[in-house]
Each structure stands twice: as structure tokens, then as C-alpha cells.
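Colleague: Hey, dropping model_32.cif in here, mmCIF, C-alpha atoms:
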data_work
loop_
_atom_site.group_PDB
_atom_site.id
_atom_site.type_symbol
_atom_site.label_atom_id
_atom_site.label_comp_id
_atom_site.auth_asym_id
_atom_site.auth_seq_id
_atom_site.Cartn_x
_atom_site.Cartn_y
_atom_site.Cartn_z
ATOM 1 C CA MET J 14 131.033 30.093 162.242
ATOM 2 C CA GLY J 15 128.451 27.522 163.243
ATOM 3 C CA THR J 16 129.827 24.985 160.740
ATOM 4 C CA ALA J 17 133.372 25.353 162.027
ATOM 5 C CA GLN J 18 132.228 24.881 165.594
ATOM 6 C CA ALA J 19 130.179 21.797 164.652
ATOM 7 C CA THR J 20 133.155 20.277 162.820
ATOM 8 C CA HIS J 21 135.408 20.942 165.788
ATOM 9 C CA GLN J 22 132.908 19.350 168.161
ATOM 10 C CA THR J 23 132.634 16.251 165.913
ATOM 11 C CA PHE J 24 136.427 15.917 165.911
ATOM 12 C CA GLU J 25 136.582 16.221 169.695
ATOM 13 C CA ASP J 26 133.853 13.558 170.049
ATOM 14 C CA ARG J 27 135.785 11.196 167.765
ATOM 15 C CA LEU J 28 138.972 11.644 169.819
ATOM 16 C CA ASN J 29 137.054 10.901 173.033
ATOM 17 C CA ARG J 30 135.631 7.694 171.500
ATOM 18 C CA ILE J 31 139.112 6.600 170.390
ATOM 19 C CA ASN J 32 140.543 7.214 173.863
ATOM 20 C CA LYS J 33 137.770 5.116 175.462
ATOM 21 C CA GLY J 34 138.313 2.260 172.958
ATOM 22 C CA ALA J 35 134.745 2.388 171.695
ATOM 23 C CA ALA J 36 133.411 0.492 168.663
ATOM 24 C CA ASN J 37 135.129 1.160 165.300
ATOM 25 C CA THR J 38 138.268 2.452 166.971
ATOM 26 C CA MET J 39 141.665 0.903 167.605
ATOM 27 C CA GLY J 40 142.053 2.443 171.033
ATOM 28 C CA GLU J 41 145.050 4.557 170.058
ATOM 29 C CA VAL J 42 145.848 7.399 167.708
ATOM 30 C CA HIS J 43 148.714 7.064 165.227
ATOM 31 C CA ILE J 44 150.070 10.273 163.808
ATOM 32 C CA GLY J 45 152.870 10.470 161.237
ATOM 33 C CA PRO J 46 154.818 7.734 159.482
ATOM 34 C CA ARG J 47 155.121 4.350 161.107
ATOM 35 C CA ASP J 48 158.258 3.108 162.788
ATOM 36 C CA GLU J 49 159.818 0.749 160.251
ATOM 37 C CA GLU J 50 161.781 -1.283 162.826
ATOM 38 C CA THR J 51 158.725 -2.261 164.849
ATOM 39 C CA ALA J 52 156.719 -2.906 161.699
ATOM 40 C CA ARG J 53 159.363 -5.346 160.430
ATOM 41 C CA ALA J 54 159.383 -7.144 163.763
ATOM 42 C CA GLY J 55 155.633 -7.684 163.445
ATOM 43 C CA LYS J 56 154.684 -5.825 166.615
ATOM 44 C CA THR J 57 152.198 -3.423 165.072
ATOM 45 C CA THR J 58 149.855 -4.198 162.246
ATOM 46 C CA ASN J 59 147.490 -1.276 162.502
ATOM 47 C CA THR J 60 149.819 1.439 161.279
ATOM 48 C CA VAL J 61 149.884 3.528 158.156
ATOM 49 C CA ARG J 62 151.515 1.760 155.233
ATOM 50 C CA MET J 63 154.271 3.781 153.616
ATOM 51 C CA LYS J 64 154.991 3.611 149.920
ATOM 52 C CA SER J 65 158.513 2.580 149.054
ATOM 53 C CA LYS J 66 160.664 5.348 147.670
ATOM 54 C CA LYS J 67 161.576 5.261 144.015
ATOM 55 C CA LYS J 68 165.169 4.480 143.210
ATOM 56 C CA LYS J 69 167.079 7.446 141.836
ATOM 57 C CA VAL J 70 169.068 6.692 138.703
ATOM 58 C CA LYS J 71 172.605 8.006 138.730
ATOM 59 C CA VAL J 72 174.468 9.309 135.697
ATOM 60 C CA GLY J 73 176.517 6.567 134.095
ATOM 61 C CA GLU J 74 174.152 3.765 135.035
ATOM 62 C CA GLY J 75 172.928 2.250 131.861
ATOM 63 C CA SER J 76 173.227 -0.680 129.578
ATOM 64 C CA ASN J 77 176.691 -1.854 128.622
ATOM 65 C CA LEU J 78 175.270 -2.712 125.203
ATOM 66 C CA VAL J 79 174.961 1.010 124.563
ATOM 67 C CA LEU J 80 177.758 2.522 126.630
ATOM 68 C CA VAL J 81 180.614 0.184 125.650
ATOM 69 C CA PRO J 82 180.440 1.094 121.918
ATOM 70 C CA VAL J 83 180.162 4.764 122.902
ATOM 71 C CA ALA J 84 183.266 4.339 125.079
ATOM 72 C CA ILE J 85 185.172 2.750 122.179
ATOM 73 C CA VAL J 86 184.271 5.655 119.895
ATOM 74 C CA ILE J 87 185.278 8.170 122.567
ATOM 75 C CA GLY J 88 188.653 6.476 122.982
ATOM 76 C CA GLY J 89 189.234 6.604 119.218
ATOM 77 C CA LEU J 90 188.167 10.235 118.960
ATOM 78 C CA SER J 91 190.484 11.139 121.832
ATOM 79 C CA VAL J 92 193.475 9.784 119.911
ATOM 80 C CA PHE J 93 192.389 11.505 116.715
ATOM 81 C CA ALA J 94 191.957 14.838 118.504
ATOM 82 C CA GLY J 95 195.307 14.359 120.248
ATOM 83 C CA GLN J 96 197.035 13.714 116.928
ATOM 84 C CA ALA J 97 195.411 16.751 115.323
ATOM 85 C CA ALA J 98 196.292 18.993 118.282
ATOM 86 C CA ALA J 99 199.902 17.777 118.379
ATOM 87 C CA PHE J 100 200.218 18.358 114.635
ATOM 88 C CA HIS J 101 198.871 21.910 114.806
ATOM 89 C CA PHE J 102 200.941 22.801 117.870
ATOM 90 C CA PHE J 103 204.314 21.192 117.211
ATOM 91 C CA GLN J 104 204.788 20.478 113.487
ATOM 92 C CA ASP J 105 205.562 22.592 110.474
ATOM 93 C CA GLY J 106 202.388 23.539 108.632
ATOM 94 C CA GLY J 107 200.258 23.587 111.780
ATOM 95 C CA LEU J 108 197.753 26.338 112.468
ATOM 96 C CA MET J 109 199.251 27.430 115.815
ATOM 97 C CA PRO J 110 202.871 26.319 115.957
ATOM 98 C CA VAL J 111 204.473 26.628 119.376
ATOM 99 C CA THR J 112 208.157 27.509 119.438
ATOM 100 C CA LEU J 113 209.943 26.221 122.487
ATOM 101 C CA PRO J 114 212.608 28.400 124.094
ATOM 102 C CA GLU J 115 216.120 27.063 124.463
ATOM 103 C CA ALA J 116 215.642 26.644 128.223
ATOM 104 C CA ILE J 117 213.190 23.828 127.691
ATOM 105 C CA GLY J 118 214.824 22.485 124.546
ATOM 106 C CA MET J 119 215.394 19.173 126.296
ATOM 107 C CA VAL J 120 211.642 18.517 125.864
ATOM 108 C CA GLU J 121 212.034 18.438 122.080
ATOM 109 C CA PRO J 122 212.878 14.706 121.817
ATOM 110 C CA TYR J 123 209.668 13.866 123.671
ATOM 111 C CA LEU J 124 207.381 15.902 121.384
ATOM 112 C CA ILE J 125 206.826 12.825 119.250
ATOM 113 C CA HIS J 126 204.707 11.524 122.144
ATOM 114 C CA ALA J 127 202.661 14.721 122.561
ATOM 115 C CA HIS J 128 199.669 13.173 120.800
ATOM 116 C CA LEU J 129 199.609 10.415 123.437
ATOM 117 C CA VAL J 130 199.597 12.913 126.298
ATOM 118 C CA ILE J 131 196.904 15.109 124.727
ATOM 119 C CA GLY J 132 194.784 12.124 123.689
ATOM 120 C CA GLY J 133 195.199 10.494 127.099
ATOM 121 C CA LEU J 134 194.069 13.640 128.877
ATOM 122 C CA LEU J 135 191.061 13.921 126.585
ATOM 123 C CA ALA J 136 190.187 10.257 127.198
ATOM 124 C CA LEU J 137 190.363 10.785 130.968
ATOM 125 C CA ILE J 138 188.215 13.902 130.763
ATOM 126 C CA PHE J 139 185.606 12.153 128.594
ATOM 127 C CA THR J 140 185.632 9.061 130.827
ATOM 128 C CA TRP J 141 184.908 11.213 133.854
ATOM 129 C CA THR J 142 182.370 13.421 132.051
ATOM 130 C CA PHE J 143 180.322 10.546 130.631
ATOM 131 C CA GLY J 144 180.482 8.612 133.901
ATOM 132 C CA PHE J 145 182.225 5.498 132.594
ATOM 133 C CA ASN J 146 182.741 4.148 136.090
ATOM 134 C CA GLY J 147 182.773 0.410 135.384
ATOM 135 C CA THR J 148 185.887 -1.565 134.528
ATOM 136 C CA LEU J 149 184.372 -2.788 131.275
ATOM 137 C CA ARG J 150 183.621 0.758 130.148
ATOM 138 C CA LYS J 151 187.080 2.017 131.032
ATOM 139 C CA LEU J 152 188.636 -0.899 129.151
ATOM 140 C CA ALA J 153 186.428 -0.014 126.175
ATOM 141 C CA VAL J 154 187.863 3.530 126.173
ATOM 142 C CA VAL J 155 191.386 2.059 126.288
ATOM 143 C CA ALA J 156 190.506 -0.373 123.470
ATOM 144 C CA GLY J 157 189.207 2.457 121.287
ATOM 145 C CA PHE J 158 192.292 4.506 122.138
ATOM 146 C CA GLY J 159 194.615 1.670 121.118
ATOM 147 C CA ALA J 160 192.652 0.723 118.011
ATOM 148 C CA MET J 161 192.758 4.261 116.663
ATOM 149 C CA LEU J 162 196.390 4.687 117.664
ATOM 150 C CA PHE J 163 197.544 1.573 115.832
ATOM 151 C CA GLY J 164 194.998 1.819 113.026
ATOM 152 C CA GLN J 165 195.774 5.383 112.035
ATOM 153 C CA ALA J 166 197.547 4.373 108.823
ATOM 154 C CA GLN J 167 194.648 2.176 107.699
ATOM 155 C CA MET J 168 192.159 4.947 108.448
ATOM 156 C CA MET J 169 194.338 7.408 106.557
ATOM 157 C CA GLU J 170 194.458 5.094 103.526
ATOM 158 C CA ARG J 171 190.695 4.625 103.593
ATOM 159 C CA PHE J 172 189.730 8.273 104.263
ATOM 160 C CA PRO J 173 192.614 10.480 103.061
ATOM 161 C CA GLY J 174 190.338 13.488 102.432
ATOM 162 C CA ILE J 175 189.184 13.641 106.049
ATOM 163 C CA TYR J 176 192.737 13.477 107.327
ATOM 164 C CA ALA J 177 193.835 16.104 104.802
ATOM 165 C CA ASN J 178 191.110 18.420 106.121
ATOM 166 C CA PHE J 179 192.207 18.003 109.736
ATOM 167 C CA PHE J 180 195.966 17.877 109.126
ATOM 168 C CA SER J 181 197.445 18.773 105.720
ATOM 169 C CA GLU J 182 197.834 17.022 102.391
ATOM 170 C CA ALA J 183 201.608 16.931 102.824
ATOM 171 C CA TYR J 184 201.284 15.264 106.225
ATOM 172 C CA VAL J 185 198.897 12.632 104.835
ATOM 173 C CA ALA J 186 201.173 11.929 101.853
ATOM 174 C CA GLN J 187 204.229 11.704 104.133
ATOM 175 C CA THR J 188 202.490 9.349 106.571
ATOM 176 C CA LEU J 189 201.181 7.132 103.779
ATOM 177 C CA ASP J 190 204.672 6.967 102.193
ATOM 178 C CA LYS J 191 206.109 5.761 105.521
ATOM 179 C CA THR J 192 203.595 2.938 105.818
ATOM 180 C CA VAL J 193 204.060 1.567 102.300
#
Written as C-alpha cells, that's how I'd like the structure from this file.

Modeller:
Amino acid sequence: MGTAQATHQTFEDRLNRINKGAANTMGEVHIGPRDEETARAGKTTNTVRMKSKKKKVKVGEGSNLVLVPVAIVIGGLSVFAGQAAAFHFFQDGGLMPVTLPEAIGMVEPYLIHAHLVIGGLLALIFTWTFGFNGTLRKLAVVAGFGAMLFGQAQMMERFPGIYANFFSEAYVAQTLDKTV
């Protein structure tokens, strides 16, 4: 109890010396963070210096050297997945063929573009998920989308086994016969 009282008395004495402007005091007590506006204006120099806050890194901020190739690959994979999904949904030999009722039979001529719709939706979802917020990164997704879309026949010639695993051997043979 005696130590606590002595410490309290020492603190009170120090405050009294500060209020009087005695030696080794600044004549005023500063409590809490300094006012940044007055510190910038140069009015007070005897305040507590605050450390600058660290910058928070947001998702999607990174080097274009890394994210642009990733965006190209994602665009290409979106087309490939769209083509595989359209094949399995709407073509003979697919795993889950969807039969359209007669009421929406007018959609049938547009089913040849189903892979574009599915792939486009996947590309948008991946672009949003991976945080490709820059124009360059979005254009990279579009470039990968277009490259895979127009280079499907060349990829199928080079890797027919992979395409046969995802589609069917008959589909690969039919597509390769059309391109020759």
C-alpha cells in the first residue's frame, strides 16, 4: 500500500511541475494521438509522432506478369468447359442429355451457340472470382477465350485422347473430319 501511495504522490508532483512550466517540462500535457492537421501546418513540434499505417493489399492487386497469363488460361478453360457442358447437355452421346419440350422448340436452332453462353458465363464468374479488375486482365481473359474457341480444331488434332476423354471418340472423329 505504501508503494502505491508513493507512486501516486510522485505522479501528482510531476503533474504540478508540468503545470508550473518547471525545468525538463514543456509546460503542457499531451494525451492521445496528435492532431495531424496542426502538425502538417508546423504549429506544434512537441507532439507524439504517429507511425504511418501499413497499406492493406486488396485481392486482385498483383503483377500483370503473373495474372495476365493466368487470365489467358482461365479464358481458354472457360471455352473448353463450355464446349464440354454443351456437348453433354445437348448432343447425342452426352452424359446428361436434355430434351426440350415442344413449347420451347424455337430455341433449338440456337443450341449451336450454347457453348458460347456457358463458356461466357464461366469466364465472367472466374473474372469476378479472381479479381481481374484491370482492363488488361479482362482483355487477357477475352484473348484466351477467343484463342481456345478458334483453336479448338488444332488442339483436338494435337491432343485427341484428352478430347475423347471429355467428349467422345465419335465427336472427336467427326470434328476432325470437318476440319480436314

Colleague: I'd like the interatomic distance between atom CA of Trp141 of chain J and atom CA of Leu124 of chain J, to a tenth of an Å.

Modeller: 26.1 Å

Colleague: Could you write out as a list in words the residues that the PyMOL selection byres ((chain J and resi 180) around 10) matches in the shown file?

Modeller: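 On this input, the PyMOL selection byres ((chain J and resi 180) around 10) captures Gln96, Ala97, Ala98, Phe100, His101, Gly106, Gly107, Leu108, Gly174, Ile175, Tyr176, Ala177, Asn178, Phe179, Ser181, Glu182, Ala183, Tyr184 and Val185 of chain J.
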
Colleague: With all atoms listed in the file as the basis for distance, which of J:Ile87, J:Leu78, J:Ala166, J:Ala127 is at the shortest distance from Phe103 of chain J?

Modeller: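 For Phe103 of chain J, the nearest of the candidates is J:Ala127.
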
Colleague: Give me, please, the distance in Å between atom CA of Ala99 of chain J and atom CA of Gly147 of chain J, quoted to one decimal.

Modeller: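 Taking atom CA of Ala99 of chain J and atom CA of Gly147 of chain J, their separation equals 29.7 Å.
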
Colleague: Could you check how far atom CA of Ala94 of chain J sits from atom CA of Gly159 of chain J, in Å to one decimal?

Modeller: 13.7 Å

Colleague: Report, as AutoDock Vina command-line options, the axis-aligned box around all atoms of segment 23-30 of chain J present in the file, extended by 4 Å on each side; give centre and edge lengths in Å to one decimal place.

Modeller:
--center_x 135.8 --center_y 12.0 --center_z 169.5 --size_x 14.3 --size_y 16.6 --size_z 15.1

Colleague: Which is closest to Ala160 of chain J among J:Gln187, J:Asn32, J:Thr23, J:Ser91, if we use all atoms listed in the file?

Modeller: J:Ser91

Colleague: From the set J:Val83, J:Ala17, J:Ala186, J:Met109, which residue has the shortest atom-to-atom contact distance to Gly157 of chain J, counting only C-alpha atoms?

Modeller: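 With only C-alpha atoms as the atom set, the closest residue is J:Val83.
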
Colleague: Got a sec: who's within 7 Å of Ala84 of chain J, counting all atoms listed in the file, leaving out chain neighbours fewer than 4 positions off, as a PDB file with C-alpha atoms, in the coordinates of the input?

Modeller:
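What landed in result34.pdb:
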ATOM      1  CA  LEU J  80     177.758   2.522 126.630  1.00  0.00           C
ATOM      2  CA  GLY J  88     188.653   6.476 122.982  1.00  0.00           C
ATOM      3  CA  ARG J 150     183.621   0.758 130.148  1.00  0.00           C
ATOM      4  CA  ALA J 153     186.428  -0.014 126.175  1.00  0.00           C
ATOM      5  CA  VAL J 154     187.863   3.530 126.173  1.00  0.00           C
TER       6      VAL J 154
END
